[in-house]
Amino acid sequence: MSPKSKAQSPKLPFVFSNFAMTADGKIAFTGGGFAPFSSARDHEHMMELRATADAILCGARTVEVTKTILGNGGRKFQEQRLKNGLAEFPLRVIASGSGAMDPKMKLFQKHFSPIVILTTHRITGTKLKMLRAVADEVNIFGGHEIDFRAAFLWLREKWNVKRLLCEGGGELHGALIRAGLVDELHLTICPKIFGGRAAPTIADGMGFRCLADAKRFRLKSYHNFDGELFTALTRL
C-alpha cells in the first residue's frame, strides 16, 4: 500500500462508552427492569460526555426501557457542544438487529436531530418500511448480527461521526467490546447491590472463554464524589 492510499484509508470514530453500575456489576434489575440508581452528579457527568460526542449510540431495547430521547441536556450543555465545535444536538444512532422497534416510541416523536438505525438482513420488509417512515436513515450491516466495524466506518464517512458515545445496553456494549471497538470506558460505580445471576452487566452476550482472549483496559483516572466512584479506562 502506497503512502497516499494509506492516508486515504477510512478511519473509525473514537468510540467511548458510559455506564453507571452497582458494586456487584449490574446496570439494571433481573428481567431488564430499569430505574435510575445513580446520583444527580452522575447524570450531569453523562451530559458532559454527550457534549463531546458527534453521535450517541444505544440499543433499541435500552431506548424502549429507559424512554430516552438522547438529547443534549439543555442550554448549558448545548453551549458546551458549540464550544467544542459540535452541532447543537447529537446524531442519534439506534442498533436493532431485528428491527423490532415501536414507531410510536418517544424518541421518534422528538425531531431535534437525525435518527439513524443500524440493522441486519433479519429485518422484514414490513419493519424496514415502517422504520424508514420514522427515521432519517435505516441501513443494513450484516446478515444475522450487526457488523459494527462496517457500520462505524459508514457513520464516519456518511455522517462525519468522529466521536461516538455508546450508552448501552449490555448486549450492544458486549458486542463492541468483543469486536475491539471501544477505545475508552467511563464507569460510575454506585454503592448499591442488585444481585441476580441474570441481571444485565456492561458486557453481556457471548463473552470470552479464556483469559487470553479478554479485552484489556488501563485505569486512566478515578475520583470519589459523595460515595460514588467515577472512573475512566482506556483500551490497551
# chains A, B, ... in the order shown; residues from 1 in each chain; ligands from 1

$ select_by_dssp --residues "region 65-161 of chain A" --states "helix (DSSP H, G or I)" --output "MDAnalysis selection string"
chainID A and resid 65:66 75:83 106:109 125:134 148:159

$ residues_around --residues "Leu70 (chain A)" --least-positions-apart "4" --cutoff "8 Å" --atoms "only C-alpha atoms" --output "list in words"
Ile56, Pro90, Arg92 and Leu107 of chain A

$ write_last_selection --atoms "C-alpha atoms" --output "PDB file, in the first residue's frame"
ATOM      1  CA  ILE A  56     -24.889   8.733  20.665  1.00  0.00           C
ATOM      2  CA  PRO A  90     -26.005  14.820  18.676  1.00  0.00           C
ATOM      3  CA  ARG A  92     -28.956   9.608  17.388  1.00  0.00           C
ATOM      4  CA  LEU A 107     -37.602   9.001  20.620  1.00  0.00           C
TER       5      LEU A 107
END

$ residues_around --residues "region 41-45 of chain A" --least-positions-apart "2" --cutoff "12 Å" --atoms "only C-alpha atoms" --output "PyMOL selection string"
chain A and resi 18-21+36-39+47-52+72-74+76-77+186-190+224-232

$ write_last_selection --atoms "N, CA and C atoms" --output "CSV table (one decimal), in the first residue's frame"
chain,number,residue,atom,x,y,z
A,18,ASN,N,-20.3,4.9,28.3
A,18,ASN,CA,-20.6,5.4,29.7
A,18,ASN,C,-21.7,4.6,30.3
A,19,PHE,N,-21.4,4.1,31.5
A,19,PHE,CA,-22.3,3.3,32.3
A,19,PHE,C,-22.2,3.7,33.8
A,20,ALA,N,-23.4,3.6,34.4
A,20,ALA,CA,-23.4,3.5,35.9
A,20,ALA,C,-23.7,2.1,36.3
A,21,MET,N,-23.0,1.5,37.2
A,21,MET,CA,-23.2,0.1,37.6
A,21,MET,C,-23.1,0.0,39.1
A,36,PRO,N,-33.5,4.6,37.5
A,36,PRO,CA,-32.3,5.4,37.7
A,36,PRO,C,-31.8,5.1,39.2
A,37,PHE,N,-30.5,4.8,39.3
A,37,PHE,CA,-30.0,4.4,40.6
A,37,PHE,C,-28.7,5.2,41.0
A,38,SER,N,-28.2,6.0,40.0
A,38,SER,CA,-27.0,6.8,40.3
A,38,SER,C,-27.4,8.2,40.7
A,39,SER,N,-26.5,9.0,41.1
A,39,SER,CA,-26.7,10.4,41.6
A,39,SER,C,-27.0,11.4,40.5
A,47,MET,N,-24.2,14.0,30.7
A,47,MET,CA,-24.5,15.1,29.8
A,47,MET,C,-23.2,15.7,29.4
A,48,GLU,N,-22.2,15.8,30.3
A,48,GLU,CA,-20.9,16.3,30.0
A,48,GLU,C,-20.2,15.5,28.9
A,49,LEU,N,-20.4,14.2,29.0
A,49,LEU,CA,-19.8,13.3,28.0
A,49,LEU,C,-20.5,13.4,26.7
A,50,ARG,N,-21.9,13.5,26.7
A,50,ARG,CA,-22.6,13.8,25.5
A,50,ARG,C,-22.2,15.0,24.8
A,51,ALA,N,-21.8,16.0,25.5
A,51,ALA,CA,-21.4,17.3,25.0
A,51,ALA,C,-20.1,17.2,24.2
A,52,THR,N,-19.4,16.1,24.2
A,52,THR,CA,-18.2,15.9,23.5
A,52,THR,C,-18.3,14.9,22.3
A,72,ASN,N,-29.5,16.7,24.3
A,72,ASN,CA,-28.2,17.4,24.6
A,72,ASN,C,-28.2,17.8,26.1
A,73,GLY,N,-29.2,17.7,26.9
A,73,GLY,CA,-29.2,18.0,28.3
A,73,GLY,C,-29.6,19.5,28.6
A,74,GLY,N,-30.0,20.2,27.6
A,74,GLY,CA,-30.4,21.6,27.8
A,74,GLY,C,-29.4,22.6,27.5
A,76,LYS,N,-27.2,24.6,29.0
A,76,LYS,CA,-25.8,24.6,29.5
A,76,LYS,C,-25.0,23.7,28.7
A,77,PHE,N,-25.5,22.5,28.4
A,77,PHE,CA,-24.7,21.5,27.7
A,77,PHE,C,-24.7,21.8,26.2
A,186,HIS,N,-16.1,4.9,30.4
A,186,HIS,CA,-16.4,5.7,31.6
A,186,HIS,C,-17.4,4.9,32.5
A,187,LEU,N,-17.0,4.7,33.7
A,187,LEU,CA,-17.8,3.8,34.6
A,187,LEU,C,-17.9,4.4,35.9
A,188,THR,N,-19.2,4.6,36.3
A,188,THR,CA,-19.5,5.1,37.6
A,188,THR,C,-20.0,3.9,38.5
A,189,ILE,N,-19.2,3.7,39.6
A,189,ILE,CA,-19.6,2.6,40.5
A,189,ILE,C,-20.4,3.1,41.7
A,190,CYS,N,-21.6,2.6,41.8
A,190,CYS,CA,-22.5,3.1,42.8
A,190,CYS,C,-22.6,2.1,44.0
A,224,ASN,N,-13.6,10.0,43.8
A,224,ASN,CA,-14.8,9.7,44.6
A,224,ASN,C,-15.6,11.0,44.8
A,225,PHE,N,-16.9,10.9,44.5
A,225,PHE,CA,-17.8,12.0,44.7
A,225,PHE,C,-19.0,11.5,45.5
A,226,ASP,N,-19.0,11.9,46.8
A,226,ASP,CA,-20.1,11.6,47.6
A,226,ASP,C,-20.5,10.1,47.6
A,227,GLY,N,-19.5,9.3,47.7
A,227,GLY,CA,-19.7,7.8,47.7
A,227,GLY,C,-19.8,7.1,46.4
A,228,GLU,N,-19.8,7.8,45.3
A,228,GLU,CA,-19.7,7.1,44.0
A,228,GLU,C,-18.3,7.3,43.4
A,229,LEU,N,-17.9,6.2,42.8
A,229,LEU,CA,-16.5,6.2,42.2
A,229,LEU,C,-16.6,6.4,40.7
A,230,PHE,N,-16.1,7.5,40.2
A,230,PHE,CA,-16.1,7.9,38.8
A,230,PHE,C,-14.8,7.4,38.2
A,231,THR,N,-14.8,6.5,37.3
A,231,THR,CA,-13.6,6.0,36.7
A,231,THR,C,-13.6,6.2,35.2
A,232,ALA,N,-12.4,6.2,34.6
A,232,ALA,CA,-12.2,6.2,33.1
A,232,ALA,C,-11.1,5.2,32.8

$ atom_distance --atom1 "CA of Gly180 (chain A)" --atom2 "CA of His121 (chain A)"
23.0 Å

$ select_by_dssp --residues "region 7-205 of chain A" --states "strand (DSSP E)" --output "number ranges by chain"
A: 14-22, 55-59, 91-95, 115-119, 137-140, 163-166, 184-190

$ write_last_selection --atoms "N, CA and C atoms" --output "compact mmCIF listing (two decimals), in the first residue's frame"
# COMPACT_ATOMS: atom_id res chain seq x y z
N PHE A 14 -13.71 7.57 17.15
CA PHE A 14 -13.28 7.27 18.51
C PHE A 14 -14.54 6.86 19.27
N VAL A 15 -14.54 5.65 19.80
CA VAL A 15 -15.73 5.11 20.46
C VAL A 15 -15.50 5.09 21.97
N PHE A 16 -16.36 5.77 22.70
CA PHE A 16 -16.28 5.73 24.16
C PHE A 16 -17.66 5.43 24.72
N SER A 17 -17.68 4.79 25.88
CA SER A 17 -18.94 4.35 26.45
C SER A 17 -19.08 4.89 27.86
N ASN A 18 -20.32 4.91 28.33
CA ASN A 18 -20.60 5.43 29.66
C ASN A 18 -21.68 4.59 30.33
N PHE A 19 -21.37 4.11 31.55
CA PHE A 19 -22.31 3.30 32.31
C PHE A 19 -22.24 3.67 33.78
N ALA A 20 -23.38 3.58 34.45
CA ALA A 20 -23.41 3.51 35.90
C ALA A 20 -23.69 2.06 36.25
N MET A 21 -22.96 1.53 37.22
CA MET A 21 -23.20 0.14 37.63
C MET A 21 -23.14 0.03 39.15
N THR A 22 -23.78 -1.01 39.67
CA THR A 22 -23.76 -1.25 41.10
C THR A 22 -22.41 -1.84 41.51
N ALA A 55 -22.18 11.78 18.01
CA ALA A 55 -23.34 10.89 17.95
C ALA A 55 -23.42 10.04 19.20
N ILE A 56 -24.65 9.63 19.54
CA ILE A 56 -24.89 8.73 20.67
C ILE A 56 -25.49 7.45 20.12
N LEU A 57 -24.95 6.32 20.58
CA LEU A 57 -25.41 5.00 20.14
C LEU A 57 -26.09 4.28 21.29
N CYS A 58 -27.27 3.72 21.02
CA CYS A 58 -27.99 2.90 22.01
C CYS A 58 -28.63 1.72 21.31
N GLY A 59 -28.82 0.65 22.06
CA GLY A 59 -29.60 -0.46 21.57
C GLY A 59 -31.08 -0.13 21.63
N LEU A 91 -26.20 13.42 16.75
CA LEU A 91 -26.86 12.42 15.90
C LEU A 91 -27.27 11.26 16.80
N ARG A 92 -28.46 10.71 16.57
CA ARG A 92 -28.96 9.61 17.39
C ARG A 92 -28.91 8.32 16.57
N VAL A 93 -28.14 7.34 17.07
CA VAL A 93 -27.93 6.08 16.36
C VAL A 93 -28.48 4.93 17.20
N ILE A 94 -29.39 4.16 16.61
CA ILE A 94 -30.03 3.06 17.32
C ILE A 94 -29.67 1.74 16.62
N ALA A 95 -29.25 0.76 17.42
CA ALA A 95 -28.91 -0.56 16.88
C ALA A 95 -30.04 -1.54 17.17
N ILE A 115 -32.14 10.71 13.21
CA ILE A 115 -32.12 9.38 13.81
C ILE A 115 -31.69 8.38 12.74
N VAL A 116 -30.65 7.61 13.06
CA VAL A 116 -30.13 6.59 12.15
C VAL A 116 -30.27 5.23 12.82
N ILE A 117 -30.77 4.25 12.10
CA ILE A 117 -30.96 2.91 12.64
C ILE A 117 -30.03 1.93 11.92
N LEU A 118 -29.28 1.17 12.70
CA LEU A 118 -28.41 0.12 12.17
C LEU A 118 -29.11 -1.22 12.37
N THR A 119 -29.20 -2.02 11.32
CA THR A 119 -29.90 -3.29 11.43
C THR A 119 -29.22 -4.35 10.57
N GLU A 137 -32.60 7.60 8.42
CA GLU A 137 -31.94 6.61 7.59
C GLU A 137 -31.91 5.27 8.33
N VAL A 138 -32.14 4.19 7.57
CA VAL A 138 -32.02 2.83 8.10
C VAL A 138 -31.06 2.10 7.17
N ASN A 139 -30.00 1.53 7.74
CA ASN A 139 -29.01 0.88 6.91
C ASN A 139 -28.70 -0.51 7.45
N ILE A 140 -28.51 -1.45 6.52
CA ILE A 140 -28.29 -2.85 6.87
C ILE A 140 -26.80 -3.16 6.85
N ARG A 163 -16.54 11.19 17.00
CA ARG A 163 -16.61 10.71 18.39
C ARG A 163 -18.00 10.13 18.62
N LEU A 164 -18.02 8.85 18.96
CA LEU A 164 -19.28 8.12 19.11
C LEU A 164 -19.40 7.62 20.54
N LEU A 165 -20.46 8.03 21.23
CA LEU A 165 -20.68 7.65 22.62
C LEU A 165 -21.72 6.53 22.71
N CYS A 166 -21.34 5.40 23.30
CA CYS A 166 -22.27 4.29 23.50
C CYS A 166 -22.82 4.36 24.92
N GLU A 184 -12.49 3.81 24.94
CA GLU A 184 -12.46 4.37 26.30
C GLU A 184 -13.77 4.06 27.00
N LEU A 185 -13.69 3.74 28.28
CA LEU A 185 -14.87 3.38 29.06
C LEU A 185 -14.96 4.28 30.29
N HIS A 186 -16.11 4.93 30.45
CA HIS A 186 -16.39 5.73 31.64
C HIS A 186 -17.38 4.94 32.49
N LEU A 187 -16.99 4.65 33.71
CA LEU A 187 -17.77 3.76 34.56
C LEU A 187 -17.95 4.39 35.94
N THR A 188 -19.21 4.62 36.32
CA THR A 188 -19.53 5.12 37.65
C THR A 188 -19.99 3.95 38.51
N ILE A 189 -19.24 3.69 39.59
CA ILE A 189 -19.56 2.57 40.47
C ILE A 189 -20.36 3.11 41.66
N CYS A 190 -21.58 2.60 41.78
CA CYS A 190 -22.51 3.10 42.81
C CYS A 190 -22.57 2.12 43.99

$ closest_atom_pairs --of "region 62-158 of chain A" --to "region 25-29 of chain A" --cutoff "12 Å" --atoms "only C-alpha atoms" --output "tab-separated table"
residue	atom	partner	partner_atom	distance
A:Thr62	CA	A:Ala28	CA	10.5
A:Val65	CA	A:Ala28	CA	10.5
A:Thr66	CA	A:Ala28	CA	10.6

$ residues_around --residues "Gly31 (chain A)" --least-positions-apart "4" --cutoff "9 Å" --atoms "only C-alpha atoms" --output "list of chain:residue names"
A:Ala198, A:Ala199, A:Pro200

$ atom_distance --atom1 "CA of Leu153 (chain A)" --atom2 "CA of Asp102 (chain A)"
27.0 Å

$ residues_around --residues "His144 (chain A)" --least-positions-apart "4" --cutoff "9 Å" --atoms "only C-alpha atoms" --output "VMD selection string"
chain A and resid 97 to 98 120 to 122

$ write_last_selection --atoms "all heavy atoms" --output "tab-separated table (two decimals), in the first residue's frame"
chain	number	residue	atom	x	y	z
A	97	GLY	N	-30.86	-5.42	15.54
A	97	GLY	CA	-30.61	-6.45	14.55
A	97	GLY	C	-31.86	-6.95	13.86
A	97	GLY	O	-31.82	-7.30	12.67
A	98	SER	N	-32.98	-6.97	14.57
A	98	SER	CA	-34.23	-7.47	14.00
A	98	SER	C	-35.15	-6.37	13.51
A	98	SER	O	-36.12	-6.63	12.79
A	98	SER	CB	-34.98	-8.30	15.04
A	98	SER	OG	-35.41	-7.47	16.12
A	120	THR	N	-29.87	-5.50	10.40
A	120	THR	CA	-29.31	-6.61	9.64
A	120	THR	C	-30.33	-7.11	8.62
A	120	THR	O	-31.48	-6.64	8.57
A	120	THR	CB	-28.92	-7.78	10.56
A	120	THR	OG1	-30.13	-8.38	11.06
A	120	THR	CG2	-28.07	-7.31	11.73
A	121	HIS	N	-29.93	-8.11	7.87
A	121	HIS	CA	-30.84	-8.70	6.89
A	121	HIS	C	-31.95	-9.52	7.55
A	121	HIS	O	-32.84	-10.00	6.84
A	121	HIS	CB	-30.04	-9.58	5.91
A	121	HIS	CG	-29.26	-8.80	4.90
A	121	HIS	ND1	-29.86	-8.10	3.89
A	121	HIS	CD2	-27.92	-8.60	4.78
A	121	HIS	CE1	-28.93	-7.50	3.15
A	121	HIS	NE2	-27.74	-7.79	3.68
A	122	ARG	N	-31.92	-9.65	8.86
A	122	ARG	CA	-33.02	-10.31	9.56
A	122	ARG	C	-34.29	-9.46	9.56
A	122	ARG	O	-35.38	-9.97	9.80
A	122	ARG	CB	-32.63	-10.60	11.01
A	122	ARG	CG	-31.64	-11.72	11.18
A	122	ARG	CD	-31.54	-12.15	12.64
A	122	ARG	NE	-30.83	-11.19	13.46
A	122	ARG	CZ	-31.30	-10.68	14.59
A	122	ARG	NH1	-32.50	-11.01	15.03
A	122	ARG	NH2	-30.59	-9.83	15.30

$ residues_around --residues "Leu12 (chain A)" --least-positions-apart "2" --cutoff "8 Å" --atoms "only C-alpha atoms" --output "list in words"
Pro10, Phe14, Arg149, Phe152, Leu153, Arg156 and Lys162 of chain A

$ write_last_selection --atoms "C-alpha atoms" --output "PDB file, in the first residue's frame"
ATOM      1  CA  PRO A  10     -11.229   5.285   6.024  1.00  0.00           C
ATOM      2  CA  PHE A  14     -13.280   7.268  18.511  1.00  0.00           C
ATOM      3  CA  ARG A 149     -16.937  -2.056  12.242  1.00  0.00           C
ATOM      4  CA  PHE A 152     -18.929   2.773  12.199  1.00  0.00           C
ATOM      5  CA  LEU A 153     -16.846   3.328   9.075  1.00  0.00           C
ATOM      6  CA  ARG A 156     -17.674   8.370   9.851  1.00  0.00           C
ATOM      7  CA  LYS A 162     -15.607  11.350  14.769  1.00  0.00           C
TER       8      LYS A 162
END
